[in-house]
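Asker: File name target34.cif; file contents mmCIF, C-alpha atoms; full text below.
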```cif
data_data
#
loop_
_atom_site.label_atom_id
_atom_site.label_comp_id
_atom_site.auth_asym_id
_atom_site.auth_seq_id
_atom_site.Cartn_x
_atom_site.Cartn_y
_atom_site.Cartn_z
CA GLN A 1 25.15 2.29 3.04
CA VAL A 2 21.84 1.51 4.75
CA LYS A 3 18.86 0.85 2.53
CA LEU A 4 15.34 0.36 3.87
CA VAL A 5 12.50 -0.64 1.57
CA GLU A 6 8.94 -0.79 2.90
CA SER A 7 6.04 -2.67 1.34
CA GLY A 8 2.64 -4.01 2.28
CA GLY A 9 0.57 -0.87 2.67
CA GLY A 10 -2.85 -0.43 1.15
CA LEU A 11 -6.51 0.31 1.73
CA VAL A 12 -8.39 -1.72 4.32
CA GLN A 13 -11.68 -1.41 6.16
CA ALA A 14 -11.78 -0.70 9.86
CA GLY A 15 -11.25 -3.91 11.81
CA GLY A 16 -9.08 -5.39 9.09
CA SER A 17 -5.43 -6.34 9.04
CA LEU A 18 -2.29 -5.53 7.09
CA ARG A 19 1.29 -6.70 7.34
CA LEU A 20 4.07 -4.27 6.54
CA SER A 21 7.56 -5.42 5.57
CA CYS A 22 10.84 -3.54 5.65
CA ALA A 23 13.62 -5.11 3.61
CA THR A 24 17.12 -4.25 4.77
CA PRO A 25 19.44 -5.75 2.14
CA GLY A 26 22.87 -6.49 3.45
CA MET A 27 22.22 -5.11 6.92
CA ILE A 28 22.98 -7.04 10.07
CA PHE A 29 20.43 -6.56 12.83
CA SER A 30 22.90 -7.30 15.63
CA GLY A 31 23.33 -4.25 17.83
CA ASN A 32 20.60 -2.28 16.09
CA THR A 33 17.07 -1.35 17.06
CA MET A 34 14.65 -1.33 14.17
CA ASN A 35 11.63 0.94 14.33
CA TRP A 36 8.37 1.69 12.57
CA TYR A 37 7.16 5.29 12.56
CA ARG A 38 4.08 6.80 10.99
CA GLN A 39 3.03 10.24 9.89
CA ALA A 40 -0.55 11.29 9.29
CA PRO A 41 -1.42 14.42 7.28
CA GLY A 42 -0.81 17.54 9.33
CA LYS A 43 0.73 15.61 12.21
CA LEU A 44 4.23 14.95 13.45
CA ARG A 45 5.94 11.67 12.71
CA GLU A 46 5.47 9.33 15.67
CA LEU A 47 7.07 6.12 16.84
CA VAL A 48 4.75 3.14 16.44
CA ALA A 49 6.95 0.21 17.49
CA GLY A 50 10.57 -0.79 17.95
CA ILE A 51 12.48 -4.03 18.31
CA SER A 52 16.06 -4.67 19.39
CA SER A 53 18.24 -7.34 17.83
CA GLY A 54 17.67 -9.33 21.02
CA GLY A 55 13.93 -9.24 20.51
CA MET A 56 12.90 -6.64 23.06
CA THR A 57 9.93 -4.65 21.82
CA ASN A 58 8.17 -1.40 22.63
CA TYR A 59 4.92 0.03 21.31
CA ALA A 60 3.03 3.27 21.29
CA ASP A 61 0.09 3.10 23.67
CA SER A 62 -2.30 3.63 20.78
CA VAL A 63 -1.27 0.36 19.09
CA LYS A 64 -0.55 -1.93 22.03
CA GLY A 65 -2.42 -5.20 21.74
CA ARG A 66 -3.17 -4.61 18.04
CA PHE A 67 0.26 -4.34 16.37
CA THR A 68 3.19 -6.75 16.54
CA ILE A 69 6.73 -6.01 15.40
CA SER A 70 9.13 -8.84 14.61
CA LEU A 71 12.40 -9.66 12.86
CA ASP A 72 12.91 -12.23 10.14
CA ASN A 73 16.66 -12.66 10.39
CA ALA A 74 16.80 -15.14 7.52
CA LYS A 75 15.27 -12.58 5.15
CA ASN A 76 16.78 -9.43 6.71
CA THR A 77 13.25 -8.12 7.10
CA VAL A 78 11.38 -6.21 9.78
CA LEU A 79 7.67 -6.97 9.97
CA LEU A 80 4.75 -5.04 11.42
CA GLN A 81 1.55 -7.04 11.77
CA MET A 82 -1.36 -4.67 12.20
CA ASN A 83 -4.70 -6.03 13.38
CA SER A 84 -7.98 -4.40 14.35
CA LEU A 85 -7.08 -1.37 12.28
CA LYS A 86 -8.83 1.91 12.96
CA PRO A 87 -9.32 4.98 10.75
CA GLU A 88 -6.90 6.85 13.02
CA ASP A 89 -4.17 4.40 11.96
CA THR A 90 -4.24 6.01 8.51
CA ALA A 91 -0.76 7.35 7.78
CA VAL A 92 2.42 6.83 5.83
CA TYR A 93 4.45 4.21 7.67
CA TYR A 94 8.25 4.41 7.67
CA CYS A 95 10.92 1.93 8.61
CA ASN A 96 13.80 3.42 10.59
CA VAL A 97 17.16 2.56 12.08
CA VAL A 98 19.70 4.73 13.86
CA ARG A 99 23.33 3.76 13.34
CA SER A 100 26.35 5.68 14.55
CA GLY A 101 24.11 8.64 15.31
CA LEU A 102 22.68 8.77 11.80
CA TRP A 103 18.96 8.29 11.14
CA TYR A 104 17.98 6.19 8.15
CA TRP A 105 14.49 6.05 6.64
CA GLY A 106 12.73 4.11 3.97
CA GLN A 107 10.52 5.77 1.37
CA GLY A 108 7.35 4.97 3.32
CA THR A 109 4.23 2.96 2.55
CA GLN A 110 0.69 4.36 2.71
CA VAL A 111 -1.86 2.73 4.98
CA THR A 112 -5.45 3.89 4.64
CA VAL A 113 -8.19 2.59 6.91
CA SER A 114 -11.75 3.35 5.88
CA SER A 115 -14.59 3.57 8.37
#
```
Mind turning the file's structure into C-alpha cells?

Answerer:
Amino acid sequence: QVKLVESGGGLVQAGGSLRLSCATPGMIFSGNTMNWYRQAPGKLRELVAGISSGGMTNYADSVKGRFTISLDNAKNTVLLQMNSLKPEDTAVYYCNVVRSGLWYWGQGTQVTVSS
C-alpha cells in the first residue's frame, strides 16, 4: 500500500520561502515519477512539478525558476523548495504518484502567501 504524508506548509509573506516534504514510507522511487500538485479554492488541481527516479524534472511555467523538486533517497522523501513565493501560490499542495495505473495522493498541506 502506498502512503504519502506531506508536511512543511504554513503562512509566509510574499517573497518568502517554504520547503514542503512528502514522506513515502517503504516506497522505492525506482521506476516511479513523483509529483507535487496544488489546488486553490475554486480552481482545478494542477501539476506543479514532477521528478523521475532518474532525476529528470518538469515544472509548471508559473513556478519555473522559483520552485525546485528533489528526491532524498536515503529518507524516502520528496522535497519541494519554494522561493520567491507569490500570493497566487496560495493553495493546498498534494504529493502524488501513479503506480500500475492507480493514482495515490497525500492528505495535502496548506500554503498561504500573504501580500

Asker: Can you work out the spacing between atom CA of Leu44 of chain A and atom CA of Gln1 of chain A in Å, to one decimal?

Answerer: 26.6 Å

Asker: Quick one: residues within 6 Å of Asn76 of chain A, all atoms listed in the file, excluding same-chain residues fewer than 3 positions away - as JSON, numbers by chain?

Answerer: {"A": [24, 72, 73]}

Asker: Mind pulling up the distance from atom CA of Lys86 of chain A to atom CA of Arg66 of chain A?

Answerer: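 Atom CA of Lys86 of chain A lies at a distance of 10.0 Å from atom CA of Arg66 of chain A.
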
Asker: Any idea what the distance is between atom CA of Glu46 of chain A and atom CA of Gly26 of chain A?

Answerer: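 That distance, rounded to one decimal, is 26.5 Å.
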
Asker: Run the PyMOL selection byres ((chain A and resi 20) around 8) against the file shown and list the residues it catches, as a PyMOL selection string.

Answerer: chain A and resi 6-9+18-19+21-22+79-82
